[in-house]
file data-v9.tsv (TSV, C-alpha atoms and all ligand atoms)
chain	number	residue	atom	x	y	z
A	253	MET	CA	215.60	106.55	118.42
A	254	THR	CA	216.29	104.34	115.36
A	255	GLU	CA	215.45	105.41	111.80
A	256	GLU	CA	212.69	102.76	111.71
A	257	GLY	CA	211.25	104.09	114.95
A	258	ILE	CA	211.25	107.64	113.58
A	259	GLU	CA	209.56	106.58	110.35
A	260	ALA	CA	206.92	104.71	112.23
A	261	PHE	CA	206.00	107.82	114.19
A	262	ILE	CA	206.59	110.70	111.75
A	263	PRO	CA	204.05	110.61	108.96
A	264	TYR	CA	205.69	113.58	107.16
A	265	GLY	CA	208.80	111.68	106.20
A	266	ARG	CA	212.52	111.73	106.55
A	267	GLU	CA	213.08	115.41	105.68
A	268	VAL	CA	210.89	116.70	108.46
A	269	ALA	CA	212.57	114.28	110.81
A	270	ALA	CA	215.96	115.60	109.69
A	271	ILE	CA	214.92	119.21	110.38
A	272	LEU	CA	213.56	118.28	113.76
A	273	ARG	CA	216.73	116.42	114.57
A	274	LYS	CA	218.72	119.55	113.75
A	275	THR	CA	216.55	121.74	115.93
A	276	GLY	CA	216.80	119.20	118.72
A	277	ALA	CA	213.02	118.71	118.86
A	278	LEU	CA	212.79	115.28	117.29
A	279	GLU	CA	212.64	113.22	120.45
A	280	ARG	CA	210.03	115.54	121.90
A	281	VAL	CA	207.83	115.47	118.78
A	282	VAL	CA	208.06	111.69	118.47
A	283	GLU	CA	207.07	111.37	122.10
A	284	TRP	CA	204.14	113.75	121.55
A	285	LEU	CA	202.96	111.77	118.52
A	286	SER	CA	203.06	108.56	120.49
A	287	ARG	CA	201.02	110.21	123.20
A	288	LYS	CA	198.61	112.04	120.93
A	289	SER	CA	195.64	109.77	121.34
A	290	PRO	CA	196.18	107.12	123.97
A	291	GLN	CA	193.38	104.60	124.16
A	292	TYR	CA	191.31	105.20	127.25
A	293	VAL	CA	189.86	102.26	129.19
A	294	LEU	CA	187.90	102.27	132.42
A	295	VAL	CA	188.22	99.18	134.64
A	296	LEU	CA	185.38	98.51	137.07
A	297	GLY	CA	184.35	95.67	139.38
A	298	ALA	CA	183.94	94.66	143.02
A	299	SER	CA	186.69	94.81	145.60
A	300	GLY	CA	188.92	91.74	145.47
A	301	ALA	CA	187.59	90.63	142.09
A	302	GLY	CA	191.08	91.10	140.61
A	303	LYS	CA	191.10	94.45	138.72
A	304	SER	CA	194.53	95.71	139.77
A	305	SER	CA	196.15	92.30	139.22
A	306	PHE	CA	194.51	92.10	135.80
A	307	ILE	CA	195.91	95.51	134.77
A	308	LYS	CA	199.37	94.51	135.95
A	309	HIS	CA	199.11	91.25	134.03
A	310	LEU	CA	198.20	93.13	130.84
A	311	LEU	CA	201.23	95.38	131.24
A	312	GLY	CA	203.55	92.47	132.01
A	313	GLU	CA	204.13	93.42	135.64
A	314	GLY	CA	204.07	91.27	138.79
A	315	THR	CA	200.45	90.55	139.66
A	316	GLN	CA	200.31	89.18	143.20
A	317	ILE	CA	198.65	91.69	145.56
A	318	SER	CA	197.98	91.24	149.28
A	319	ARG	CA	194.27	91.14	150.07
A	320	HIS	CA	194.95	93.89	152.64
A	321	ASN	CA	196.38	96.16	149.93
A	322	ARG	CA	193.18	97.58	148.38
A	323	THR	CA	192.92	100.29	145.73
A	324	VAL	CA	191.66	103.36	147.54
A	325	GLY	CA	191.48	106.05	144.86
A	326	PHE	CA	190.82	106.01	141.16
A	327	HIS	CA	193.94	106.57	139.09
A	328	ASP	CA	195.26	106.22	135.56
A	329	VAL	CA	197.81	103.57	134.79
A	330	ASP	CA	199.84	104.56	131.74
A	331	GLY	CA	201.31	101.66	129.78
A	332	MET	CA	201.93	100.00	126.45
A	333	ILE	CA	200.07	96.97	125.16
A	334	GLU	CA	201.34	95.67	121.81
A	335	ASN	CA	203.00	99.03	121.12
A	336	ILE	CA	199.79	100.95	121.65
A	337	ARG	CA	199.63	103.38	124.51
A	338	PHE	CA	196.76	102.82	126.91
A	339	LEU	CA	195.52	104.94	129.75
A	340	ILE	CA	193.79	102.47	132.01
A	341	THR	CA	191.78	103.81	134.92
A	342	ASP	CA	191.86	101.51	137.92
A	343	THR	CA	189.04	102.04	140.42
A	344	PRO	CA	188.34	101.01	144.00
A	345	GLY	CA	185.66	98.34	144.33
A	346	GLN	CA	184.92	98.65	148.04
A	347	MET	CA	181.39	99.52	149.13
A	348	ASP	CA	181.95	102.24	151.77
A	349	GLU	CA	180.73	105.72	150.75
A	350	VAL	CA	184.25	107.10	150.37
A	351	TYR	CA	185.17	104.45	147.78
A	352	LYS	CA	181.81	104.70	146.06
A	353	ASP	CA	182.43	108.44	145.69
A	354	GLU	CA	185.84	107.73	144.14
A	355	ARG	CA	184.27	105.22	141.78
A	356	MET	CA	181.56	107.68	140.75
A	357	LYS	CA	184.22	110.34	140.09
A	358	ALA	CA	186.00	107.89	137.80
A	359	ILE	CA	182.74	107.06	136.03
A	360	LEU	CA	181.85	110.72	135.52
A	361	THR	CA	185.37	111.51	134.28
A	362	ALA	CA	185.13	108.60	131.84
A	363	ALA	CA	181.75	109.87	130.67
A	364	ARG	CA	183.59	112.78	128.99
A	365	GLN	CA	185.85	110.49	126.93
A	366	ASP	CA	185.46	109.83	123.26
A	367	LYS	CA	184.92	106.15	122.27
A	368	LEU	CA	185.28	104.95	125.83
A	369	GLY	CA	186.11	101.29	126.47
A	370	ILE	CA	184.89	99.61	129.65
A	371	ILE	CA	186.30	96.45	131.18
A	372	ASN	CA	184.19	95.02	133.98
A	373	VAL	CA	186.17	92.51	136.05
A	374	VAL	CA	184.27	89.70	137.77
A	375	SER	CA	185.40	86.41	139.34
A	376	TYR	CA	182.28	84.41	140.16
A	377	GLY	CA	182.23	85.82	143.68
A	378	LEU	CA	185.79	84.64	144.46
A	379	HIS	CA	186.65	88.07	145.83
A	380	GLU	CA	189.68	88.07	148.06
A	381	GLU	CA	189.90	91.25	150.09
A	382	THR	CA	189.57	92.63	153.62
A	383	VAL	CA	186.66	90.34	154.56
A	384	PRO	CA	188.15	87.96	157.15
A	385	LYS	CA	189.08	84.48	156.05
A	386	ASP	CA	186.55	82.74	158.33
A	387	LYS	CA	183.70	84.45	156.43
A	388	ALA	CA	185.02	83.54	152.99
A	389	VAL	CA	186.29	80.02	153.63
A	390	VAL	CA	184.72	77.06	155.42
A	391	ASP	CA	186.50	73.71	155.74
A	392	ALA	CA	189.07	74.59	153.09
A	393	SER	CA	186.32	75.40	150.55
A	394	ALA	CA	184.95	78.74	149.47
A	395	ASN	CA	181.91	79.55	151.61
A	396	ALA	CA	178.83	79.15	149.37
A	397	SER	CA	176.89	81.97	151.03
A	398	TYR	CA	179.89	84.32	150.74
A	399	LEU	CA	180.22	83.48	147.05
A	400	GLN	CA	176.51	84.05	146.46
A	401	SER	CA	176.56	87.42	148.22
A	402	ARG	CA	179.57	88.50	146.16
A	403	ARG	CA	177.97	87.37	142.90
A	404	ASP	CA	174.92	89.42	143.85
A	405	LEU	CA	177.24	92.35	144.52
A	406	GLU	CA	178.84	92.00	141.07
A	407	ILE	CA	175.34	92.38	139.64
A	408	SER	CA	174.22	95.26	141.83
A	409	LEU	CA	177.37	97.26	140.98
A	410	LEU	CA	176.36	97.27	137.31
A	411	SER	CA	173.64	99.83	137.91
A	412	GLN	CA	176.29	102.41	138.92
A	413	TRP	CA	177.55	102.73	135.34
A	414	THR	CA	175.50	100.89	132.72
A	415	ASN	CA	172.90	103.59	132.11
A	416	VAL	CA	175.15	106.60	132.47
A	417	LEU	CA	177.93	105.23	130.24
A	418	CYS	CA	176.11	102.83	127.91
A	419	GLY	CA	172.61	104.31	127.62
A	420	ASP	CA	171.55	106.66	124.82
A	421	GLY	CA	174.27	109.25	124.21
A	422	GLY	CA	176.64	107.49	126.63
A	423	ALA	CA	180.40	107.65	126.12
A	424	ALA	CA	181.02	103.92	125.86
A	425	ALA	CA	181.81	102.34	122.50
A	426	TRP	CA	182.45	98.84	123.77
A	427	VAL	CA	182.41	96.70	126.92
A	428	MET	CA	184.34	93.61	127.90
A	429	THR	CA	183.46	91.39	130.83
A	430	VAL	CA	186.69	89.80	132.04
A	431	VAL	CA	185.96	86.72	134.11
A	432	THR	CA	189.22	86.40	136.00
A	433	LYS	CA	190.62	83.83	138.47
A	434	ALA	CA	190.06	81.01	135.95
A	435	ASP	CA	192.83	79.17	137.83
A	436	LEU	CA	190.18	78.70	140.55
A	437	TRP	CA	187.05	78.01	138.50
A	438	TRP	CA	188.05	76.47	135.15
A	439	THR	CA	186.71	72.91	134.80
A	440	GLY	CA	187.58	69.89	132.71
A	441	HIS	CA	184.24	70.07	130.85
A	442	ALA	CA	183.98	71.67	127.43
A	443	ASP	CA	181.02	73.61	128.75
A	444	GLN	CA	182.35	76.22	131.19
A	445	GLU	CA	179.48	76.83	133.63
A	446	VAL	CA	181.02	80.03	134.95
A	447	LEU	CA	181.29	81.62	131.52
A	448	LYS	CA	177.75	80.54	130.74
A	449	TYR	CA	176.56	82.14	133.97
A	450	TYR	CA	177.92	85.50	132.81
A	451	GLN	CA	176.81	85.15	129.20
A	452	GLU	CA	173.27	83.97	129.91
A	453	GLY	CA	172.36	84.29	133.59
A	454	PRO	CA	171.21	87.15	135.86
A	455	TYR	CA	174.45	89.08	135.27
A	456	PHE	CA	173.67	89.23	131.57
A	457	GLN	CA	170.09	90.34	132.26
A	458	ALA	CA	171.35	93.11	134.54
A	459	LEU	CA	173.75	94.48	131.90
A	460	GLY	CA	170.83	96.28	130.24
A	461	PRO	CA	172.23	98.81	127.72
A	462	ALA	CA	175.77	97.46	128.26
A	463	ALA	CA	174.70	94.20	126.60
A	464	ARG	CA	173.48	96.05	123.53
A	465	LEU	CA	176.90	97.60	122.85
A	466	ARG	CA	179.69	95.55	121.34
A	467	HIS	CA	180.32	93.17	124.26
A	468	ARG	CA	182.87	90.37	124.71
A	469	PHE	CA	183.21	87.87	127.58
A	470	CYS	CA	186.80	86.82	128.24
A	471	PRO	CA	188.04	84.14	130.63
A	472	HIS	CA	191.28	85.20	132.27
A	473	SER	CA	193.74	84.50	135.05
A	474	SER	CA	196.45	86.85	136.23
A	475	HIS	CA	198.27	84.21	138.27
A	476	ASN	CA	197.69	81.06	140.30
A	477	GLN	CA	196.74	81.72	143.90
A	478	LEU	CA	194.96	79.58	146.48
A	479	PHE	CA	191.79	81.42	147.51
A	480	TYR	CA	192.62	83.00	150.89
A	481	HIS	CA	195.82	80.94	150.80
A	482	THR	CA	193.66	77.89	151.49
A	483	VAL	CA	191.18	76.82	148.81
A	484	PRO	CA	192.99	74.83	146.08
A	485	LEU	CA	193.09	75.67	142.40
A	486	SER	CA	190.65	73.85	140.13
A	487	GLY	CA	193.51	71.83	138.62
A	488	TYR	CA	192.37	72.28	135.02
A	489	TYR	CA	194.05	75.58	134.21
A	490	ASP	CA	197.61	75.47	132.97
A	491	ASP	CA	200.07	78.17	131.86
A	492	LYS	CA	199.44	77.44	128.18
A	493	LEU	CA	195.73	78.13	128.57
A	494	LYS	CA	196.49	81.24	130.59
A	495	GLN	CA	198.69	82.56	127.75
A	496	THR	CA	196.02	81.67	125.16
A	497	HIS	CA	193.39	83.57	127.12
A	498	ARG	CA	195.70	86.57	127.46
A	499	ASP	CA	196.40	86.57	123.71
A	500	GLU	CA	192.70	86.26	122.90
A	501	PHE	CA	191.90	89.10	125.25
A	502	VAL	CA	194.56	91.39	123.76
A	503	ALA	CA	193.39	90.60	120.21
A	504	ALA	CA	189.78	91.41	121.17
A	505	LEU	CA	190.93	94.60	122.87
A	506	LEU	CA	192.88	95.77	119.81
A	507	GLU	CA	189.92	94.91	117.61
A	508	ASN	CA	187.72	97.08	119.81
A	509	VAL	CA	190.01	100.08	119.96
A	510	SER	CA	190.70	100.05	116.23
A	511	LEU	CA	187.03	100.29	115.31
A	601	LIG	N1	193.66	82.89	142.24
A	601	LIG	C1	193.73	84.12	141.72
A	601	LIG	N2	193.84	85.19	142.52
A	601	LIG	C2	193.89	86.40	141.95
A	601	LIG	C3	193.83	86.59	140.55
A	601	LIG	N3	193.85	87.92	140.28
A	601	LIG	C4	193.95	88.52	141.48
A	601	LIG	N4	193.98	87.63	142.50
A	601	LIG	C5	194.12	87.92	143.92
A	601	LIG	O1	192.90	88.46	144.39
A	601	LIG	C6	193.14	89.48	145.36
A	601	LIG	C7	192.44	90.75	144.91
A	601	LIG	O2	193.03	91.20	143.69
A	601	LIG	P1	193.10	92.76	143.32
A	601	LIG	O3	193.58	92.83	141.92
A	601	LIG	O4	193.84	93.50	144.35
A	601	LIG	O5	191.54	93.14	143.40
A	601	LIG	P2	190.82	94.53	142.98
A	601	LIG	O6	189.68	94.17	142.11
A	601	LIG	O7	191.82	95.46	142.43
A	601	LIG	O8	190.23	95.02	144.35
A	601	LIG	P3	190.10	96.55	144.96
A	601	LIG	O9	191.40	97.24	144.73
A	601	LIG	O10	189.80	96.36	146.42
A	601	LIG	O11	188.94	97.18	144.25
A	601	LIG	C8	194.66	89.60	145.48
A	601	LIG	O12	195.12	88.85	146.58
A	601	LIG	C9	195.15	89.01	144.18
A	601	LIG	O13	196.48	88.49	144.28
A	601	LIG	C10	193.74	85.44	139.71
A	601	LIG	O14	193.69	85.49	138.47
A	601	LIG	N5	193.68	84.23	140.36
A	602	MG	MG	192.59	97.22	143.10
call {"tool": "encode", "arguments": {"input": "data-v9.tsv", "output": "structure tokens", "more": "lines below"}}
Ligand SMILES: Nc1nc2c(ncn2[C@@H]2O[C@H](COP(=O)(O)OP(=O)(O)OP(=O)(O)O)[C@@H](O)[C@H]2O)c(=O)[nH]1
Ligand SMILES: [Mg+2]
result
Amino acid sequence: MTEEGIEAFIPYGREVAAILRKTGALERVVEWLSRKSPQYVLVLGASGAGKSSFIKHLLGEGTQISRHNRTVGFHDVDGMIENIRFLITDTPGQMDEVYKDERMKAILTAARQDKLGIINVVSYGLHEETVPKDKAVVDASANASYLQSRRDLEISLLSQWTNVLCGDGGAAAWVMTVVTKADLWWTGHADQEVLKYYQEGPYFQALGPAARLRHRFCPHSSHNQLFYHTVPLSGYYDDKLKQTHRDEFVAALLENVSL
């Protein structure tokens, strides 16, 4: 631990740090201080929308995940973003009762947090998961009826948490809707239809109390990936834009947690 590092963590000054160093407790105390109040964030969204990849991207880890490798239980991911410690709860998005139960457990656990942050991950129905390829893809394009059903699912999942976490007396202080997989949906037009859909369309209407809290909509991509290894990327999303969107997201996140 460098002197600068110690000073950054020990508000009582150099003398206290010196005593603690003598007693051998310094490292432990510094670690405790850095852990004292990790920022707690709950990540929700449908299966295959891209939650786990998004969390990995935030923490600078490899983001590619097989569509057969689904999150099955809710769990905390402990990591640093811009030197701030975050406890990020990843949740399973699948619809079977067993996963819904897990999700509800995560929601009820989060309901006890102070100043809870919620990130809802959506991807305009481009959910890549255990649904077989022939249902999701037709003639090398995403199947329109599959996409529609998944967009409807994104909306229906909102009712599982919006009232309990964002209604009167709810734990949530802020919400972010992360619209991921921009590598697949970003267009060359200034007006991004997909973002508009979330900011103004039926998704927005269904947010209810979650729209009345501080709420940001963030385009995002964790990596480039052909949808079901078949449907091509939009062609308008480059690495520079991806980095810009990541930076904007992190800035908005830090703004939220520092309120
Ligand atoms: N094209 C593209 N694919 C992505 C992106 N993010 C994730 N994926 C892929 O989408 C699939 C699903 O991503 P996951 O992060 O596992 O989805 P999840 O929301 O965690 O899903 P569950 O764990 O089932 O709830 C994986 O194959 C990812 O590699 C992205 O930004 N762009
Ligand atoms: Mg997952």
call {"tool": "residues_around", "arguments": {"input": "data-v9.tsv", "residues": "A:Ser289", "least_positions_apart": "5", "cutoff": "12 Å", "atoms": "only C-alpha atoms", "output": "ChimeraX atom specification"}}
result
/A:283-284,336-339,365-367,509
call {"tool": "residues_around", "arguments": {"input": "data-v9.tsv", "residues": "A:Gly419", "least_positions_apart": "2", "cutoff": "12 Å", "atoms": "all atoms listed in the file", "output": "PyMOL selection string"}}
result
chain A and resi 363+411+413-417+421-426+459-465
call {"tool": "closest_residue", "arguments": {"input": "data-v9.tsv", "among": "A:Asn476, A:Ser375, A:Ser401, A:Ser408", "to": "A:Ile317", "atoms": "all atoms listed in the file"}}
result
A:Asn476
call {"tool": "residues_near_ligand", "arguments": {"input": "data-v9.tsv", "ligand": "ligand MG 602 (chain A)", "cutoff": "12 Å", "atoms": "all atoms listed in the file", "output": "PyMOL selection string"}}
result
chain A and resi 295-308+315-327+329+341-346+351+355+373+379-382
call {"tool": "atom_distance", "arguments": {"input": "data-v9.tsv", "atom1": "atom CA of A:Ala442", "atom2": "atom CA of A:Leu493"}}
result
13.5 Å
call {"tool": "atom_distance", "arguments": {"input": "data-v9.tsv", "atom1": "atom C7 of ligand LIG 601 (chain A)", "atom2": "atom CA of A:Asn508"}}
result
26.3 Å
call {"tool": "build_atoms", "arguments": {"input": "data-v9.tsv", "residues": "stretch 327-345 of chain A", "atoms": "N, CA, C and O atoms", "output": "short mmCIF file (atom, residue, chain, number, x, y, z; two decimals), in the coordinates of the input"}}
result
data_model
loop_
_atom_site.label_atom_id
_atom_site.label_comp_id
_atom_site.auth_asym_id
_atom_site.auth_seq_id
_atom_site.Cartn_x
_atom_site.Cartn_y
_atom_site.Cartn_z
N HIS A 327 192.72 106.01 139.67
CA HIS A 327 193.94 106.57 139.09
C HIS A 327 194.22 105.95 137.73
O HIS A 327 193.81 104.82 137.46
N ASP A 328 194.91 106.72 136.89
CA ASP A 328 195.26 106.22 135.56
C ASP A 328 196.58 105.48 135.59
O ASP A 328 197.55 105.96 136.18
N VAL A 329 196.58 104.33 134.97
CA VAL A 329 197.81 103.57 134.79
C VAL A 329 198.19 103.72 133.32
O VAL A 329 197.38 103.44 132.43
N ASP A 330 199.39 104.23 133.09
CA ASP A 330 199.84 104.56 131.74
C ASP A 330 200.78 103.46 131.28
O ASP A 330 201.80 103.24 131.89
N GLY A 331 200.42 102.75 130.20
CA GLY A 331 201.31 101.66 129.78
C GLY A 331 201.08 101.25 128.35
O GLY A 331 200.12 101.67 127.70
N MET A 332 202.00 100.44 127.83
CA MET A 332 201.93 100.00 126.45
C MET A 332 201.44 98.56 126.37
O MET A 332 201.92 97.70 127.10
N ILE A 333 200.49 98.33 125.48
CA ILE A 333 200.07 96.97 125.16
C ILE A 333 200.23 96.82 123.65
O ILE A 333 199.61 97.57 122.89
N GLU A 334 201.06 95.88 123.24
CA GLU A 334 201.34 95.67 121.81
C GLU A 334 201.67 96.99 121.11
O GLU A 334 201.11 97.32 120.06
N ASN A 335 202.54 97.75 121.70
CA ASN A 335 203.00 99.03 121.12
C ASN A 335 201.93 100.09 121.01
O ASN A 335 202.10 101.08 120.28
N ILE A 336 200.81 99.90 121.65
CA ILE A 336 199.79 100.95 121.65
C ILE A 336 199.68 101.48 123.08
O ILE A 336 199.65 100.70 124.03
N ARG A 337 199.65 102.79 123.18
CA ARG A 337 199.63 103.38 124.51
C ARG A 337 198.21 103.39 125.07
O ARG A 337 197.27 103.85 124.42
N PHE A 338 198.06 102.87 126.25
CA PHE A 338 196.76 102.82 126.91
C PHE A 338 196.81 103.63 128.20
O PHE A 338 197.81 103.61 128.92
N LEU A 339 195.71 104.33 128.44
CA LEU A 339 195.52 104.94 129.75
C LEU A 339 194.40 104.14 130.41
O LEU A 339 193.25 104.20 129.97
N ILE A 340 194.76 103.38 131.40
CA ILE A 340 193.79 102.47 132.01
C ILE A 340 193.44 103.02 133.40
O ILE A 340 194.32 103.19 134.24
N THR A 341 192.18 103.30 133.61
CA THR A 341 191.78 103.81 134.92
C THR A 341 191.40 102.66 135.82
O THR A 341 190.46 101.91 135.55
N ASP A 342 192.17 102.51 136.90
CA ASP A 342 191.86 101.51 137.92
C ASP A 342 190.96 102.19 138.96
O ASP A 342 191.14 103.38 139.26
N THR A 343 190.01 101.45 139.48
CA THR A 343 189.04 102.04 140.42
C THR A 343 188.95 101.20 141.68
O THR A 343 189.22 100.00 141.64
N PRO A 344 188.54 101.80 142.79
CA PRO A 344 188.34 101.01 144.00
C PRO A 344 186.97 100.32 143.96
O PRO A 344 185.98 100.93 143.55
N GLY A 345 186.92 99.09 144.38
CA GLY A 345 185.66 98.34 144.33
C GLY A 345 184.93 98.26 145.66
O GLY A 345 183.82 97.72 145.72
#
